[in-house]
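To be precise, the following lines are upload16.txt, and they hold compact mmCIF, C-alpha atoms.
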```
# COMPACT_ATOMS: atom_id res chain seq x y z
CA MET A 1 115.87 92.68 97.91
CA LYS A 2 115.05 94.52 94.70
CA ARG A 3 112.59 92.19 93.01
CA THR A 4 109.61 93.88 91.41
CA LEU A 5 105.99 92.84 91.17
CA PRO A 6 104.47 92.07 87.75
CA VAL A 7 103.33 95.20 85.92
CA VAL A 8 99.66 94.19 86.02
CA LEU A 9 99.73 93.65 89.76
CA LEU A 10 101.62 96.88 90.35
CA SER A 11 99.10 98.85 88.31
CA SER A 12 96.29 97.26 90.29
CA LEU A 13 97.97 98.09 93.57
CA ILE A 14 98.43 101.73 92.63
CA SER A 15 94.92 102.29 91.28
CA VAL A 16 93.08 100.55 94.09
CA ALA A 17 95.36 102.07 96.72
CA PHE A 18 94.30 105.56 95.74
CA ALA A 19 90.69 104.46 95.88
CA GLY A 20 91.32 103.02 99.34
CA CYS A 21 92.72 106.31 100.54
CA ALA A 22 89.36 107.89 99.86
CA SER A 23 87.81 105.81 102.66
CA THR A 24 86.35 107.71 105.58
CA VAL A 25 88.81 107.34 108.42
CA HIS A 26 90.07 109.23 111.45
CA ASP A 27 93.10 111.10 110.11
CA THR A 28 94.38 112.76 113.27
CA ALA A 29 95.53 111.48 116.64
CA ALA A 30 92.70 113.31 118.36
CA GLU A 31 90.07 111.76 116.11
CA ALA A 32 91.65 108.33 116.44
CA ALA A 33 91.58 108.59 120.21
CA ALA A 34 87.82 109.12 119.98
CA ALA A 35 87.25 106.11 117.73
CA PRO A 36 84.83 103.58 119.26
CA ALA A 37 87.19 100.57 119.32
CA THR A 38 89.63 102.02 121.86
CA ALA A 39 90.28 100.09 125.07
CA ALA A 40 87.54 100.40 127.66
CA PRO A 41 88.44 102.58 130.67
CA ASP A 42 88.40 99.62 133.06
CA ASN A 43 91.24 98.01 131.09
CA SER A 44 93.56 100.96 131.57
CA ALA A 45 94.94 99.87 134.94
CA ALA A 46 95.70 96.37 133.68
CA LEU A 47 97.42 97.73 130.58
CA ASP A 48 99.44 100.22 132.62
CA ALA A 49 100.51 97.43 134.98
CA ALA A 50 101.68 95.27 132.08
CA ILE A 51 103.68 98.14 130.58
CA ALA A 52 105.22 98.92 133.97
CA GLY A 53 106.03 95.26 134.65
CA SER A 54 109.42 94.58 136.17
CA VAL A 55 109.94 91.62 133.82
CA ARG A 56 110.44 93.93 130.84
CA ASP A 57 113.98 94.20 129.51
CA PRO A 58 115.30 97.72 130.29
CA ARG A 59 116.50 97.96 126.68
CA ASN A 60 112.92 97.42 125.56
CA VAL A 61 111.53 99.95 128.03
CA ALA A 62 113.95 102.51 126.56
CA ARG A 63 112.06 102.22 123.24
CA ASP A 64 108.68 103.17 124.77
CA PRO A 65 108.98 106.88 123.86
CA TYR A 66 109.23 105.86 120.19
CA ARG A 67 106.72 102.99 120.16
CA HIS A 68 103.98 104.28 122.50
CA PRO A 69 102.69 100.87 123.61
CA ARG A 70 99.88 102.17 125.79
CA GLU A 71 98.40 104.44 123.17
CA THR A 72 98.95 101.93 120.38
CA LEU A 73 97.28 98.98 122.12
CA ALA A 74 94.42 101.19 123.32
CA PHE A 75 93.88 102.42 119.76
CA PHE A 76 93.72 98.81 118.54
CA GLY A 77 91.19 98.03 121.28
CA VAL A 78 93.16 95.14 122.78
CA ALA A 79 91.31 93.85 125.85
CA PRO A 80 92.46 91.35 128.52
CA GLN A 81 89.75 88.82 127.59
CA GLN A 82 90.78 88.50 123.95
CA THR A 83 92.69 85.93 121.95
CA VAL A 84 95.46 87.98 120.35
CA ILE A 85 97.88 86.73 117.70
CA GLU A 86 101.06 88.75 117.26
CA ILE A 87 102.80 88.08 113.96
CA THR A 88 106.57 87.41 114.12
CA PRO A 89 107.24 89.14 117.45
CA GLY A 90 111.00 88.65 117.18
CA THR A 91 112.57 88.36 120.61
CA GLY A 92 109.39 89.64 122.25
CA TRP A 93 109.29 93.42 122.57
CA TYR A 94 105.49 93.47 122.64
CA SER A 95 105.29 89.95 124.10
CA GLU A 96 106.57 91.30 127.42
CA ILE A 97 103.47 93.51 127.56
CA LEU A 98 100.81 91.46 125.80
CA ALA A 99 101.35 88.08 127.47
CA PRO A 100 101.05 89.45 131.04
CA TYR A 101 98.11 91.63 130.00
CA LEU A 102 96.22 88.63 128.59
CA LYS A 103 97.32 85.91 130.99
CA ASP A 104 94.31 85.82 133.32
CA GLY A 105 91.36 86.16 130.95
CA GLY A 106 92.70 85.97 127.41
CA HIS A 107 95.24 84.12 125.31
CA TYR A 108 98.44 85.39 123.71
CA VAL A 109 99.74 83.66 120.58
CA ALA A 110 103.17 84.44 119.16
CA ALA A 111 103.10 83.39 115.49
CA VAL A 112 106.68 82.60 114.46
CA SER A 113 108.43 81.08 111.47
CA ASP A 114 108.35 77.32 112.01
CA ASP A 115 111.70 76.07 113.35
CA ALA A 116 111.13 72.76 111.59
CA ILE A 117 111.53 74.42 108.19
CA PRO A 118 115.21 74.31 107.20
CA GLY A 119 117.17 76.93 105.30
CA GLN A 120 115.69 80.04 106.89
CA PRO A 121 117.84 83.00 107.98
CA LYS A 122 119.63 82.24 111.25
CA TYR A 123 118.11 85.22 113.03
CA ARG A 124 114.67 83.59 112.88
CA TYR A 125 115.82 80.49 114.76
CA ASP A 126 117.70 82.65 117.26
CA ALA A 127 114.71 84.90 117.90
CA ASN A 128 112.40 81.92 118.41
CA LYS A 129 114.83 80.43 120.93
CA THR A 130 115.02 83.71 122.82
CA LEU A 131 111.25 84.09 122.87
CA ARG A 132 110.67 80.58 124.17
CA GLY A 133 113.34 81.13 126.81
CA LYS A 134 111.57 84.28 127.92
CA PHE A 135 108.34 82.40 128.55
CA ALA A 136 109.84 79.21 130.00
CA GLY A 137 109.33 78.72 133.72
CA ASN A 138 107.71 82.12 134.15
CA ALA A 139 104.00 81.31 134.23
CA ALA A 140 103.40 83.66 137.15
CA VAL A 141 104.20 86.58 134.85
CA TYR A 142 103.30 85.34 131.38
CA GLY A 143 100.64 82.72 132.05
CA THR A 144 100.54 80.13 129.26
CA PRO A 145 101.37 81.97 126.03
CA GLU A 146 101.50 79.93 122.87
CA VAL A 147 104.34 79.98 120.35
CA ARG A 148 102.71 78.85 117.11
CA GLY A 149 104.83 78.04 114.05
CA PHE A 150 103.86 78.84 110.48
CA ASP A 151 105.35 78.50 107.02
CA PRO A 152 106.45 81.95 105.76
CA LYS A 153 105.83 80.83 102.18
CA ALA A 154 102.27 79.67 102.91
CA PRO A 155 101.16 81.46 106.10
CA ASN A 156 98.36 80.02 108.19
CA PHE A 157 97.89 81.33 111.72
CA GLY A 158 95.40 78.90 113.19
CA PRO A 159 91.79 77.74 112.98
CA ALA A 160 89.48 79.98 110.98
CA GLY A 161 87.61 82.53 113.07
CA SER A 162 89.60 81.80 116.23
CA ALA A 163 91.22 85.18 117.05
CA ASP A 164 89.78 88.46 118.25
CA THR A 165 92.79 90.53 117.21
CA VAL A 166 95.82 90.13 114.97
CA LEU A 167 98.72 92.54 115.50
CA THR A 168 101.78 93.14 113.36
CA PHE A 169 104.52 95.60 114.21
CA ARG A 170 107.11 96.61 111.58
CA ASN A 171 106.76 93.42 109.52
CA ALA A 172 104.75 94.25 106.42
CA HIS A 173 107.75 95.70 104.56
CA ASN A 174 109.42 92.27 104.73
CA TRP A 175 106.42 90.56 103.13
CA VAL A 176 106.28 93.18 100.39
CA SER A 177 109.97 92.62 99.68
CA ASP A 178 109.34 88.87 99.50
CA ASN A 179 106.37 89.33 97.15
CA ASN A 180 103.98 87.40 99.42
CA ALA A 181 102.20 90.16 101.34
CA GLU A 182 98.82 89.21 99.84
CA ALA A 183 99.09 85.73 101.37
CA TYR A 184 99.74 87.17 104.82
CA PHE A 185 96.79 89.54 104.77
CA LYS A 186 94.49 86.78 103.53
CA ALA A 187 95.69 84.56 106.40
CA PHE A 188 94.98 87.37 108.89
CA HIS A 189 91.45 87.65 107.56
CA ASP A 190 90.94 83.90 107.73
CA VAL A 191 92.04 83.51 111.36
CA LEU A 192 90.03 86.45 112.71
CA LYS A 193 86.50 86.15 114.03
CA PRO A 194 83.80 88.15 112.24
CA GLY A 195 84.18 91.71 113.52
CA GLY A 196 87.78 91.04 114.53
CA THR A 197 90.57 93.63 114.43
CA LEU A 198 93.78 93.78 112.43
CA GLY A 199 96.28 96.29 113.81
CA VAL A 200 99.23 97.30 111.62
CA VAL A 201 102.23 99.45 112.51
CA ASP A 202 104.96 99.93 109.91
CA HIS A 203 107.55 102.34 108.61
CA ARG A 204 105.83 104.98 106.49
CA ALA A 205 107.09 106.10 103.08
CA LYS A 206 106.18 109.40 101.51
CA PRO A 207 103.03 109.22 99.34
CA GLY A 208 103.86 108.27 95.78
CA THR A 209 107.09 106.42 96.61
CA ASP A 210 107.62 103.79 93.92
CA LEU A 211 107.47 100.10 94.78
CA ALA A 212 111.15 99.41 94.10
CA ARG A 213 112.17 102.14 96.54
CA GLN A 214 109.73 100.83 99.15
CA LYS A 215 111.31 97.39 98.95
CA GLU A 216 114.82 98.80 99.12
CA SER A 217 114.23 101.26 101.97
CA GLY A 218 111.89 99.31 104.27
CA TYR A 219 109.37 102.16 104.20
CA LEU A 220 105.89 101.47 102.79
CA THR A 221 103.22 103.90 101.69
CA GLU A 222 99.97 103.85 103.60
CA ALA A 223 98.23 103.45 100.25
CA LEU A 224 99.96 100.14 99.60
CA VAL A 225 99.22 98.71 103.06
CA ILE A 226 95.59 99.80 102.82
CA GLN A 227 95.30 98.18 99.40
CA LEU A 228 96.74 94.92 100.69
CA ALA A 229 94.32 94.82 103.61
CA GLN A 230 91.29 95.80 101.56
CA GLY A 231 92.22 93.24 98.94
CA ALA A 232 91.97 90.57 101.65
CA GLY A 233 88.49 91.77 102.64
CA PHE A 234 89.25 94.19 105.47
CA VAL A 235 87.66 97.58 106.01
CA LEU A 236 89.92 100.45 107.07
CA GLU A 237 88.32 101.66 110.28
CA ALA A 238 90.74 104.29 111.58
CA LYS A 239 94.23 105.77 111.43
CA SER A 240 96.32 107.16 114.27
CA GLU A 241 99.37 109.42 114.25
CA VAL A 242 100.54 108.16 117.64
CA ASN A 243 103.68 106.62 116.10
CA ALA A 244 104.41 109.47 113.70
CA ASN A 245 107.86 111.10 113.69
CA ALA A 246 108.11 114.35 111.75
CA LYS A 247 111.90 114.33 112.13
CA ASP A 248 112.22 111.28 109.90
CA THR A 249 112.84 112.29 106.28
CA THR A 250 112.76 108.60 105.18
CA ASP A 251 115.61 109.14 102.70
CA HIS A 252 118.52 107.60 104.62
CA PRO A 253 121.46 105.87 102.91
CA ASN A 254 120.68 102.45 104.40
CA GLY A 255 116.94 102.83 104.47
CA VAL A 256 115.03 102.55 107.71
CA TRP A 257 117.86 100.45 109.15
CA THR A 258 120.00 103.60 109.28
CA LEU A 259 117.95 104.75 112.27
CA PRO A 260 117.77 103.40 115.82
CA PRO A 261 117.58 100.73 117.03
CA VAL A 262 119.51 99.07 114.16
CA ASN A 263 121.84 102.05 113.65
CA ARG A 264 123.36 100.94 110.35
CA HIS A 265 125.45 104.07 109.87
CA ASP A 266 128.94 105.44 110.44
CA ALA A 267 129.84 106.07 114.07
CA ALA A 268 130.48 109.70 113.23
CA ASP A 269 126.77 110.10 112.35
CA ASP A 270 125.47 108.56 115.57
CA ALA A 271 124.34 111.83 117.15
CA LYS A 272 122.55 112.85 113.95
CA TYR A 273 120.44 109.72 113.77
CA LYS A 274 119.91 109.49 117.51
CA ALA A 275 118.36 112.97 117.32
CA ILE A 276 115.90 111.70 114.71
CA GLY A 277 114.94 108.64 116.74
CA GLU A 278 112.99 105.71 115.34
CA SER A 279 111.14 105.83 112.03
CA ASP A 280 107.98 107.67 111.10
CA ARG A 281 105.25 105.02 111.33
CA MET A 282 101.71 104.47 110.17
CA THR A 283 99.25 103.00 112.67
CA LEU A 284 96.19 101.52 110.97
CA ARG A 285 93.18 99.68 112.37
CA PHE A 286 91.23 97.38 110.09
CA ARG A 287 88.03 95.43 110.72
CA LYS A 288 86.78 92.10 109.40
CA ALA A 289 83.13 92.34 108.47
CA LYS A 290 80.64 90.66 110.80
```
Before anything else, please render the file you have as structure tokens.
Amino acid sequence: MKRTLPVVLLSSLISVAFAGCASTVHDTAAEAAAAPATAAPDNSAALDAAIAGSVRDPRNVARDPYRHPRETLAFFGVAPQQTVIEITPGTGWYSEILAPYLKDGGHYVAAVSDDAIPGQPKYRYDANKTLRGKFAGNAAVYGTPEVRGFDPKAPNFGPAGSADTVLTFRNAHNWVSDNNAEAYFKAFHDVLKPGGTLGVVDHRAKPGTDLARQKESGYLTEALVIQLAQGAGFVLEAKSEVNANAKDTTDHPNGVWTLPPVNRHDAADDAKYKAIGESDRMTLRFRKAK
């Protein structure tokens, strides 16, 4: 999609984004690891067990070196006693980790596009069916996860102040392309408890990349994501480079979808893009004020 935002809004995004970047945050992986909201040591064994779970699809496990689930969830401070809402989890890459991790003392909510809304892309219905099939009849592993539908045009993720953590992995670029990212971030803020955490991972564009290119490529600048979150009332608490990839130049012919796992490229270029791996990604932790 190549739609553009109104000039006034775009100017606002750019100016406030640069102001947001001046926030005091942890800019390196080492600093981020020392940030106070990391998972408590006594949660490590439970998180390791969930990541090592035999229920995980081997194709998903193969992506661990690129997605760093242990380090990412620890950075976001996800604990087994929390209510965690994952936004549009697709077929459940993180669901296979989060639902088992939360099953005994917490609650996992998969927020998905409502199947009752007609006219959506077919992949959404297919992904929802796959996710529900994954959970069905497998309470011993997943407990009682909830698949909660929402309207993508008017997102609402549940009762106000009901979640400890909201997580979104590689989704924000879609909302920016659809010109409704502000509505999503506002809904995240609404559903979180005071002091709750918003964790965002997304494909990272080079600083200064124009909005049209961001929409076309699937890569977003950190400045834009920070602006969207701050505009909804969040405070940027910390950054991590755990999902960074210096090999990714971000200038591929088919945008981020050129790279694994989508691999939208000529077969002759397979080795080239396999050597790069998955995209360079920002990992940002935001806090709702208490």
* To do: Find the spatial neighbours of region 87-95 of chain A, counting all atoms listed in the file, within a cut-off of 9 Å - ignore same-chain residues fewer than 4 positions away - and output them as a VMD selection string.
  => chain A and resid 56 to 57 60 to 61 69 99 to 100 108 to 113 123 to 124 126 to 132 134 142 157 166 to 169 171
* Asked: Which polymer residues, protein or nucleic acid, are no farther than 7 Å from (97.7, 107.4, 109.1), counting all atoms listed in the file, as number ranges by chain?
  -> A: 27, 222, 239-241, 282-284
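If you look at CA of Ala181 (chain A) and CA of Val225 (chain A), they are 9.2 Å away from each other.
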* Asked: With all atoms listed in the file as the basis for distance, which of A:Val191, A:Ala74, A:Val147, A:Ile85 is at the shortest distance from Lys288 (chain A)?
  -> A:Val191
Axis-aligned box for all listed atoms of region 163-172 of chain A, 4 Å per side, centre and edges in Å to one decimal, as JSON:
```
{"center_x": 98.4, "center_y": 90.9, "center_z": 112.3, "size_x": 25.3, "size_y": 19.4, "size_z": 19.8}
```
* Asked: Which residues come within 7 Å of Leu236 (chain A), counting all atoms listed in the file, excluding same-chain residues fewer than 3 positions away, as number ranges by chain?
  -> A: 285-287
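Reported to one decimal place, the separation of CA of Thr165 (chain A) from CA of Leu192 (chain A) is 6.7 Å.
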* Asked: How far is it from CA of Gly199 (chain A) to CA of Ala49 (chain A), in Å with one decimal?
  -> 21.6 Å
* Asked: List as a VMD selection string: which residues have an atom within 9 Å of (107.5, 110.4, 117.2), counting all atoms listed in the file?
  -> chain A and resid 65 to 68 241 to 248 276 to 281
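If you measure from each of A:Ser177, A:Gly149, A:Ala268, A:Ile51 to Asp115 (chain A) using only C-alpha atoms, the closest one turns out to be A:Gly149.
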* Contacts of Asp190 (chain A) at 12 Å or less, counting all atoms listed in the file, minus same-chain residues fewer than 2 places along, as an NGL selection string? -> :A and (155-166 or 183-188 or 192-198 or 232-234 or 288-289)
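With all atoms listed in the file as the basis for measurement, A:Thr250 is the residue among A:Thr250, A:Arg59, A:Ala229, A:Ala139 that approaches Pro207 (chain A) most closely.
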